[in-house]
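Participant: I am sharing upload38.txt, which consists of compact mmCIF, C-alpha atoms (C1' of nucleotides):
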```
# COMPACT_ATOMS: atom_id res chain seq x y z
CA MET J 1 -65.68 87.94 -48.94
CA ARG J 2 -68.23 87.53 -51.68
CA ARG J 3 -71.81 87.81 -50.40
CA ASP J 4 -74.44 85.66 -51.95
CA ILE J 5 -78.22 85.93 -51.92
CA PHE J 6 -78.69 82.30 -50.87
CA GLN J 7 -76.55 82.86 -47.84
CA ALA J 8 -78.42 86.06 -47.11
CA ILE J 9 -81.81 84.37 -46.93
CA ALA J 10 -80.47 81.45 -44.90
CA ASP J 11 -80.98 83.28 -41.62
CA PRO J 12 -84.60 83.38 -40.36
CA THR J 13 -84.24 86.87 -38.89
CA ARG J 14 -83.00 88.11 -42.25
CA ARG J 15 -85.96 86.51 -44.02
CA ALA J 16 -88.27 88.21 -41.51
CA ILE J 17 -86.59 91.57 -42.15
CA ILE J 18 -87.01 91.12 -45.89
CA ALA J 19 -90.71 90.34 -45.49
CA LEU J 20 -91.12 93.26 -43.10
CA ILE J 21 -89.70 95.92 -45.39
CA ALA J 22 -91.12 94.39 -48.55
CA LEU J 23 -94.09 96.74 -48.56
CA GLN J 24 -92.54 99.87 -47.09
CA ALA J 25 -89.03 101.08 -46.30
CA MET J 26 -88.09 101.26 -42.62
CA THR J 27 -85.31 102.55 -40.38
CA PRO J 28 -83.04 100.18 -38.41
CA ASN J 29 -84.68 101.23 -35.14
CA ALA J 30 -88.17 100.62 -36.46
CA ILE J 31 -87.10 97.23 -37.78
CA ALA J 32 -85.36 96.28 -34.53
CA ASP J 33 -88.60 96.99 -32.64
CA HIS J 34 -90.10 93.96 -34.36
CA PHE J 35 -87.45 91.59 -33.05
CA GLU J 36 -86.01 90.25 -29.83
CA SER J 37 -82.43 91.04 -30.79
CA SER J 38 -80.69 94.38 -30.38
CA ARG J 39 -80.52 97.20 -32.92
CA GLN J 40 -76.86 96.39 -33.55
CA ALA J 41 -77.68 92.80 -34.38
CA VAL J 42 -80.34 93.99 -36.82
CA SER J 43 -77.88 96.49 -38.28
CA LYS J 44 -75.45 93.67 -38.98
CA HIS J 45 -78.18 91.81 -40.83
CA LEU J 46 -78.97 94.96 -42.80
CA LYS J 47 -75.30 95.24 -43.70
CA ILE J 48 -75.25 91.72 -45.07
CA LEU J 49 -78.46 92.30 -47.01
CA THR J 50 -77.02 95.53 -48.41
CA GLU J 51 -73.76 93.84 -49.44
CA CYS J 52 -75.59 91.38 -51.63
CA GLU J 53 -77.82 94.17 -52.96
CA LEU J 54 -81.05 92.74 -51.61
CA ILE J 55 -81.85 96.05 -49.93
CA GLN J 56 -80.97 99.69 -50.52
CA GLN J 57 -80.50 102.68 -48.25
CA GLU J 58 -82.25 106.02 -48.47
CA GLN J 59 -80.93 108.69 -46.14
CA LYS J 60 -83.45 111.19 -44.78
CA GLY J 61 -81.86 113.55 -42.30
CA ARG J 62 -80.33 111.42 -39.59
CA GLU J 63 -82.57 108.51 -40.41
CA ILE J 64 -81.77 105.83 -42.94
CA PHE J 65 -84.62 103.98 -44.58
CA TYR J 66 -83.94 100.51 -45.90
CA LYS J 67 -86.04 99.29 -48.78
CA LEU J 68 -86.22 95.91 -50.45
CA GLU J 69 -84.81 95.51 -53.94
CA VAL J 70 -87.51 93.06 -54.89
CA GLU J 71 -86.04 92.50 -58.34
CA LYS J 72 -83.05 90.83 -56.73
CA MET J 73 -85.33 88.09 -55.42
CA LYS J 74 -85.76 86.97 -59.00
CA GLU J 75 -82.31 85.41 -58.79
CA ILE J 76 -83.77 82.76 -56.51
CA ASP J 77 -86.68 82.33 -58.86
CA ILE J 78 -84.28 81.78 -61.75
CA TRP J 79 -82.36 79.15 -59.81
CA LEU J 80 -85.61 77.41 -58.91
CA GLU J 81 -86.63 77.31 -62.56
CA GLN J 82 -84.58 74.17 -63.32
CA PHE J 83 -86.37 72.25 -60.56
CA ARG J 84 -89.75 73.67 -61.41
CA LYS J 85 -89.29 72.08 -64.82
CA ILE J 86 -88.74 68.72 -63.16
CA TRP J 87 -91.71 68.83 -60.80
CA GLU J 88 -93.96 70.12 -63.53
CA SER J 89 -92.93 67.39 -65.94
CA ARG J 90 -93.66 64.83 -63.20
CA PHE J 91 -97.06 66.37 -62.79
CA GLU J 92 -97.66 66.10 -66.52
CA GLN J 93 -96.58 62.47 -66.42
CA LEU J 94 -99.09 61.80 -63.66
CA ASP J 95 -101.68 63.68 -65.65
CA ALA J 96 -100.99 61.53 -68.70
CA LEU J 97 -101.23 58.39 -66.57
CA LEU J 98 -104.59 59.41 -65.17
CA PHE J 99 -105.81 60.20 -68.66
CA THR J 100 -104.75 56.73 -69.86
CA LEU J 101 -106.41 55.01 -66.91
CA LYS J 102 -109.62 56.93 -67.47
CA ASN J 103 -109.73 56.01 -71.15
CA THR J 104 -108.81 52.33 -70.79
CA LYS J 105 -111.54 51.91 -68.21
CA LYS J 106 -114.31 52.34 -70.72
CA MET F 11 -80.90 71.25 -34.03
CA ARG F 12 -83.74 71.93 -36.44
CA ARG F 13 -82.61 71.84 -40.06
CA ASP F 14 -84.13 74.26 -42.50
CA ILE F 15 -84.26 74.18 -46.30
CA PHE F 16 -83.03 77.77 -46.62
CA GLN F 17 -79.96 76.95 -44.63
CA ALA F 18 -79.47 73.80 -46.68
CA ILE F 19 -79.32 75.65 -49.99
CA ALA F 20 -77.07 78.39 -48.57
CA ASP F 21 -73.93 76.41 -49.31
CA PRO F 22 -72.80 76.43 -52.97
CA THR F 23 -71.51 72.86 -52.84
CA ARG F 24 -74.88 71.73 -51.54
CA ARG F 25 -76.65 73.57 -54.34
CA ALA F 26 -74.33 71.88 -56.82
CA ILE F 27 -75.10 68.48 -55.31
CA ILE F 28 -78.81 69.15 -55.56
CA ALA F 29 -78.49 70.10 -59.22
CA LEU F 30 -76.28 67.08 -59.87
CA ILE F 31 -78.68 64.47 -58.52
CA ALA F 32 -81.80 66.26 -59.75
CA LEU F 33 -82.00 64.07 -62.84
CA GLN F 34 -80.66 60.79 -61.48
CA ALA F 35 -79.86 59.35 -58.07
CA MET F 36 -76.17 58.91 -57.26
CA THR F 37 -73.90 57.35 -54.64
CA PRO F 38 -71.72 59.48 -52.33
CA ASN F 39 -68.56 58.36 -54.14
CA ALA F 40 -69.98 59.23 -57.55
CA ILE F 41 -71.08 62.62 -56.25
CA ALA F 42 -67.72 63.31 -54.60
CA ASP F 43 -65.98 62.66 -57.93
CA HIS F 44 -67.59 65.85 -59.21
CA PHE F 45 -66.06 68.00 -56.48
CA GLU F 46 -62.71 69.07 -55.10
CA SER F 47 -63.58 68.11 -51.54
CA SER F 48 -63.35 64.67 -50.01
CA ARG F 49 -66.06 62.02 -49.88
CA GLN F 50 -66.47 62.65 -46.15
CA ALA F 51 -67.13 66.32 -46.75
CA VAL F 52 -69.71 65.42 -49.37
CA SER F 53 -71.24 62.87 -46.99
CA LYS F 54 -71.68 65.60 -44.41
CA HIS F 55 -73.52 67.71 -46.96
CA LEU F 56 -75.69 64.72 -47.84
CA LYS F 57 -76.48 64.28 -44.15
CA ILE F 58 -77.64 67.88 -43.87
CA LEU F 59 -79.72 67.58 -47.05
CA THR F 60 -81.26 64.37 -45.71
CA GLU F 61 -82.07 65.92 -42.34
CA CYS F 62 -84.21 68.59 -43.96
CA GLU F 63 -85.74 66.01 -46.30
CA LEU F 64 -84.43 67.53 -49.49
CA ILE F 65 -82.97 64.17 -50.52
CA GLN F 66 -83.74 60.53 -49.81
CA GLN F 67 -81.62 57.39 -49.58
CA GLU F 68 -82.06 54.16 -51.48
CA GLN F 69 -79.85 51.31 -50.38
CA LYS F 70 -78.67 48.88 -53.06
CA GLY F 71 -76.28 46.32 -51.65
CA ARG F 72 -73.45 48.24 -50.08
CA GLU F 73 -74.17 51.29 -52.19
CA ILE F 74 -76.53 54.06 -51.18
CA PHE F 75 -78.17 56.13 -53.88
CA TYR F 76 -79.27 59.63 -52.99
CA LYS F 77 -82.15 61.09 -54.91
CA LEU F 78 -83.62 64.57 -54.87
CA GLU F 79 -87.04 65.08 -53.29
CA VAL F 80 -87.94 67.73 -55.83
CA GLU F 81 -91.30 68.40 -54.21
CA LYS F 82 -89.50 69.83 -51.20
CA MET F 83 -88.12 72.62 -53.38
CA LYS F 84 -91.65 73.94 -53.63
CA GLU F 85 -91.22 75.31 -50.10
CA ILE F 86 -88.85 77.90 -51.50
CA ASP F 87 -91.28 78.60 -54.29
CA ILE F 88 -94.05 79.18 -51.77
CA TRP F 89 -91.90 81.59 -49.77
CA LEU F 90 -91.03 83.46 -52.98
CA GLU F 91 -94.70 83.80 -53.85
CA GLN F 92 -95.22 86.87 -51.62
CA PHE F 93 -92.42 88.73 -53.40
CA ARG F 94 -93.45 87.55 -56.83
CA LYS F 95 -96.75 89.29 -56.17
CA ILE F 96 -94.88 92.53 -55.50
CA TRP F 97 -92.63 92.45 -58.52
CA GLU F 98 -95.48 91.45 -60.76
CA SER F 99 -97.69 94.26 -59.50
CA ARG F 100 -94.82 96.69 -60.16
CA PHE F 101 -94.59 95.36 -63.63
CA GLU F 102 -98.30 95.91 -64.10
CA GLN F 103 -97.93 99.44 -62.78
CA LEU F 104 -95.18 100.12 -65.30
CA ASP F 105 -97.35 98.57 -67.94
CA ALA F 106 -100.21 100.86 -67.00
CA LEU F 107 -97.89 103.85 -67.08
CA LEU F 108 -96.64 103.00 -70.55
CA PHE F 109 -100.20 102.55 -71.69
CA THR F 110 -101.13 105.99 -70.36
CA LEU F 111 -98.12 107.64 -72.00
CA LYS F 112 -98.88 106.00 -75.29
CA ASN F 113 -102.50 107.19 -75.22
CA THR F 114 -101.85 110.74 -74.05
CA LYS F 115 -99.30 111.20 -76.81
CA LYS F 116 -101.92 111.10 -79.51
C1' DA W 10 -61.22 32.94 -46.20
C1' DT W 11 -58.93 37.10 -47.14
C1' DT W 12 -58.84 41.43 -49.28
C1' DT W 13 -60.89 45.34 -51.29
C1' DT W 14 -64.47 48.70 -51.52
C1' DG W 15 -68.48 51.86 -50.11
C1' DA W 16 -70.06 54.32 -46.61
C1' DG W 17 -71.34 56.25 -41.89
C1' DA W 18 -69.40 57.95 -37.17
C1' DA W 19 -66.25 60.35 -34.19
C1' DA W 20 -62.66 63.49 -33.03
C1' DC W 21 -60.50 67.40 -34.13
C1' DC W 22 -59.53 72.18 -36.32
C1' DA W 23 -59.65 76.80 -38.42
C1' DA W 24 -62.88 80.05 -40.19
C1' DT W 25 -67.29 82.11 -40.05
C1' DT W 26 -71.51 83.54 -37.82
C1' DG W 27 -74.78 85.91 -34.95
C1' DG W 28 -74.68 88.19 -31.07
C1' DT W 29 -73.07 91.55 -27.44
C1' DT W 30 -71.00 95.93 -25.43
C1' DG W 31 -68.82 100.26 -25.95
C1' DC W 32 -67.53 104.16 -28.72
C1' DA W 33 -67.78 107.83 -32.41
C1' DT W 34 -70.42 110.92 -35.25
C1' DA W 35 -74.03 113.48 -37.25
C1' DT W 36 -78.60 115.39 -36.97
C1' DA W 37 -82.58 117.04 -34.28
C1' DT W 38 -84.48 119.27 -30.28
C1' DA W 39 -84.59 121.82 -25.72
C1' DT S 23 -75.33 125.90 -27.13
C1' DA S 24 -76.17 121.70 -24.63
C1' DT S 25 -78.67 117.45 -24.84
C1' DA S 26 -80.99 113.64 -26.87
C1' DT S 27 -81.49 110.56 -30.73
C1' DA S 28 -80.24 107.66 -34.91
C1' DT S 29 -76.88 105.19 -36.73
C1' DG S 30 -72.48 102.98 -38.01
C1' DC S 31 -68.08 100.80 -36.56
C1' DA S 32 -64.76 98.01 -33.92
C1' DA S 33 -63.60 94.69 -30.54
C1' DC S 34 -64.78 90.78 -28.45
C1' DC S 35 -67.20 86.07 -27.59
C1' DA S 36 -69.52 81.57 -27.82
C1' DA S 37 -71.62 78.58 -31.10
C1' DT S 38 -71.80 76.74 -35.61
C1' DT S 39 -69.83 75.42 -40.00
C1' DG S 40 -67.22 73.09 -43.52
C1' DG S 41 -63.44 70.59 -43.72
C1' DT S 42 -59.90 66.87 -42.59
C1' DT S 43 -58.12 62.42 -40.68
C1' DT S 44 -58.88 58.12 -38.57
C1' DC S 45 -61.72 54.22 -37.41
C1' DT S 46 -65.29 50.75 -37.93
C1' DC S 47 -68.52 47.85 -40.31
C1' DA S 48 -70.75 45.46 -43.94
C1' DA S 49 -70.98 44.01 -48.63
C1' DA S 50 -68.45 42.57 -52.85
C1' DA S 51 -64.56 40.56 -55.13
C1' DT S 52 -60.44 37.72 -55.21
```
Represent the structure contained in this file as structure tokens.
Facilitator:
Amino acid sequence: MRRDIFQAIADPTRRAIIALIALQAMTPNAIADHFESSRQAVSKHLKILTECELIQQEQKGREIFYKLEVEKMKEIDIWLEQFRKIWESRFEQLDALLFTLKNTKK
Amino acid sequence: MRRDIFQAIADPTRRAIIALIALQAMTPNAIADHFESSRQAVSKHLKILTECELIQQEQKGREIFYKLEVEKMKEIDIWLEQFRKIWESRFEQLDALLFTLKNTKK
DNA sequence: ATTTTGAGAAACCAATTGGTTGCATATATA
DNA sequence: TATATATGCAACCAATTGGTTTCTCAAAAT
């Protein structure tokens, strides 16, 4: 069952977890405190995020800190790149149009 | 049942459809020709993409052309922004470190 | 006018998902 | 040493998902 980053970020709770631990690593219990759902539900989300290497574990005694592998997020950025090209070129086209209008007005 | 862009791009077929019609609008049949699955399956994907306003319909006779609303993709870009800040600041930190090493070496 | 074609809608189905509860295990703490 | 705490794992469950087949309707083509 191949995990995929796009599937991982599809769930809103998972996106919230990612944002939560983006700045500092946290334990499952600490993370679960921020949500309605149970620790086990959060743990399942953490498992999915770990499987697609979006987060990493760091064991400290009996606690496990989960930290975001922010580099992995670049994969989404790379996928977006193709569309960014399109919306930017449209913007340039609009820009060129405005320039033409401005100059023909004189 | 609130549709969400992150859920929409979670499915690989849907991502492929998005990429396919990014440059030119296409009919369901034309799109389905590019995939293994049936036209009905593709139509369901198109429905989901329409519901979250990632694509738009243009009726021409009995044909319906689906075109990408590329602006909508910016929503993902905006969400990514917070993480881009983090990975860029890390890069700057690394940059600063390399700079320090280089200068202390002398 | 009849037939073919493009497409949405509905009914159905197996697989997956997000969640729960209960249990097992290892590490702290009393 | 006995107890409390942190966590993972497995079994189970209802809801959702991605898919199929069948049906209907409207627009072209014959």
Participant: For the contact check between range 42-104 of chain F and range 27-47 of chain S, emit one row per residue of range 42-104 of chain F within 9 Å, containing the shortest atom pair and the distance in Å rounded to one decimal, counting all atoms listed in the file, chain then rising number order, as a tab-separated table.
Facilitator:
```
residue	atom	partner	partner_atom	distance
F:Ser47	CA	S:DG41	C1'	8.2
F:Ser48	CA	S:DT42	C1'	8.5
F:Gln50	CA	S:DT42	C1'	8.6
F:Ala51	CA	S:DG41	C1'	6.4
F:Lys54	CA	S:DG40	C1'	8.8
F:His55	CA	S:DG40	C1'	9.0
```
Participant: When distances are computed from only C-alpha atoms, which of J:Phe91, J:Phe6, J:Trp79, J:Phe65 shows the smallest separation from chain F?
Facilitator: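 Closest residue, counting only C-alpha atoms: J:Phe6.
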Participant: Between CA of Val70 in chain J and CA of Ala22 in chain J, what is the distance in Å, rounded to a tenth?
Facilitator: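 So the two atoms, CA of Val70 in chain J and CA of Ala22 in chain J, lie 7.4 Å apart.
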Participant: Using only C-alpha atoms (C1' of nucleotides), pick whichever of F:Ile65, F:Ala40, F:Leu107, F:Ile86 has the shortest atom-to-atom distance to chain W.
Facilitator: F:Ala40
Participant: Set out as a tab-separated table a contact list for chain F and chain W with a cut-off of 8 Å, giving each residue of chain F that qualifies its closest atom pair and distance in Å to one decimal, counting only C-alpha atoms (C1' of nucleotides), ordered by chain and rising residue number.
Facilitator:
```
residue	atom	partner	partner_atom	distance
F:Pro38	CA	W:DA16	C1'	7.9
F:Asn39	CA	W:DG15	C1'	7.6
F:Arg72	CA	W:DG15	C1'	6.1
F:Glu73	CA	W:DG15	C1'	6.1
F:Ile74	CA	W:DA16	C1'	7.9
```
Participant: Sort by chain and increasing residue number a table of all residues of chain F within 9 Å of chain J, each with its closest pair of atoms and their distance in Å to one decimal, counting all atoms listed in the file, and write it as a Markdown table.
Facilitator:
```
| residue | atom | partner | partner_atom | distance |
| --- | --- | --- | --- | --- |
| F:Asp14 | CA | J:Ala10 | CA | 8.4 |
| F:Ile15 | CA | J:Ala10 | CA | 8.3 |
| F:Phe16 | CA | J:Ala10 | CA | 4.8 |
| F:Gln17 | CA | J:Ala10 | CA | 4.5 |
| F:Ala18 | CA | J:Ala10 | CA | 7.9 |
| F:Ile19 | CA | J:Phe6 | CA | 6.7 |
| F:Ala20 | CA | J:Gln7 | CA | 4.6 |
| F:Asp21 | CA | J:Gln7 | CA | 7.1 |
| F:Pro22 | CA | J:Phe6 | CA | 8.6 |
| F:Ala29 | CA | J:Phe83 | CA | 8.3 |
| F:Ala32 | CA | J:Phe83 | CA | 7.6 |
| F:Leu33 | CA | J:Ile86 | CA | 8.2 |
| F:Val80 | CA | J:Trp87 | CA | 6.3 |
| F:Glu81 | CA | J:Trp87 | CA | 6.6 |
| F:Met83 | CA | J:Phe83 | CA | 7.4 |
| F:Lys84 | CA | J:Arg84 | CA | 8.0 |
| F:Ile86 | CA | J:Leu80 | CA | 8.1 |
| F:Asp87 | CA | J:Leu80 | CA | 7.4 |
| F:Leu90 | CA | J:Asp77 | CA | 7.4 |
| F:Gln92 | CA | J:Ala19 | CA | 8.4 |
| F:Phe93 | CA | J:Val70 | CA | 6.7 |
| F:Arg94 | CA | J:Lys74 | CA | 8.0 |
| F:Ile96 | CA | J:Val70 | CA | 7.4 |
| F:Trp97 | CA | J:Val70 | CA | 6.3 |
```
Participant: Store the residues of this selection in a file with C-alpha atoms, as a PDB file, in the frame of the given file.
Facilitator:
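Final file, part09.pdb:
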```pdb
ATOM      1  CA  ASP F  14     -84.130  74.260 -42.500  1.00  0.00           C
ATOM      2  CA  ILE F  15     -84.260  74.180 -46.300  1.00  0.00           C
ATOM      3  CA  PHE F  16     -83.030  77.770 -46.620  1.00  0.00           C
ATOM      4  CA  GLN F  17     -79.960  76.950 -44.630  1.00  0.00           C
ATOM      5  CA  ALA F  18     -79.470  73.800 -46.680  1.00  0.00           C
ATOM      6  CA  ILE F  19     -79.320  75.650 -49.990  1.00  0.00           C
ATOM      7  CA  ALA F  20     -77.070  78.390 -48.570  1.00  0.00           C
ATOM      8  CA  ASP F  21     -73.930  76.410 -49.310  1.00  0.00           C
ATOM      9  CA  PRO F  22     -72.800  76.430 -52.970  1.00  0.00           C
ATOM     10  CA  ALA F  29     -78.490  70.100 -59.220  1.00  0.00           C
ATOM     11  CA  ALA F  32     -81.800  66.260 -59.750  1.00  0.00           C
ATOM     12  CA  LEU F  33     -82.000  64.070 -62.840  1.00  0.00           C
ATOM     13  CA  VAL F  80     -87.940  67.730 -55.830  1.00  0.00           C
ATOM     14  CA  GLU F  81     -91.300  68.400 -54.210  1.00  0.00           C
ATOM     15  CA  MET F  83     -88.120  72.620 -53.380  1.00  0.00           C
ATOM     16  CA  LYS F  84     -91.650  73.940 -53.630  1.00  0.00           C
ATOM     17  CA  ILE F  86     -88.850  77.900 -51.500  1.00  0.00           C
ATOM     18  CA  ASP F  87     -91.280  78.600 -54.290  1.00  0.00           C
ATOM     19  CA  LEU F  90     -91.030  83.460 -52.980  1.00  0.00           C
ATOM     20  CA  GLN F  92     -95.220  86.870 -51.620  1.00  0.00           C
ATOM     21  CA  PHE F  93     -92.420  88.730 -53.400  1.00  0.00           C
ATOM     22  CA  ARG F  94     -93.450  87.550 -56.830  1.00  0.00           C
ATOM     23  CA  ILE F  96     -94.880  92.530 -55.500  1.00  0.00           C
ATOM     24  CA  TRP F  97     -92.630  92.450 -58.520  1.00  0.00           C
TER      25      TRP F  97
END
```
Participant: Work out how far CA of Arg49 in chain F is from CA of Glu68 in chain F, in Å to one decimal.
Facilitator: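 If I compute the distance from CA of Glu68 in chain F to CA of Arg49 in chain F, I get 17.9 Å.
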Participant: For Gln24 in chain J, work out the shell of residues within 8 Å, counting all atoms listed in the file and skipping chain neighbours fewer than 3 positions away, then give it as a ChimeraX atom specification.
Facilitator: /J:20-21,67
Participant: So, with all atoms listed in the file as the atoms that count, which of J:Thr13, J:Thr27, J:Thr100, J:Gln56 lies closest to chain S?
Facilitator: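 Closest residue, counting all atoms listed in the file: J:Thr27.
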Participant: Figure out the distance between CA of Asp43 in chain F and CA of Gly71 in chain F, please, to one decimal in Å.
Facilitator: 20.3 Å
Participant: Between F:Glu61, F:Ala42, F:Lys70, F:Tyr76, which one has atoms that come closest to chain S, using only C-alpha atoms (C1' of nucleotides)?
Facilitator: F:Lys70
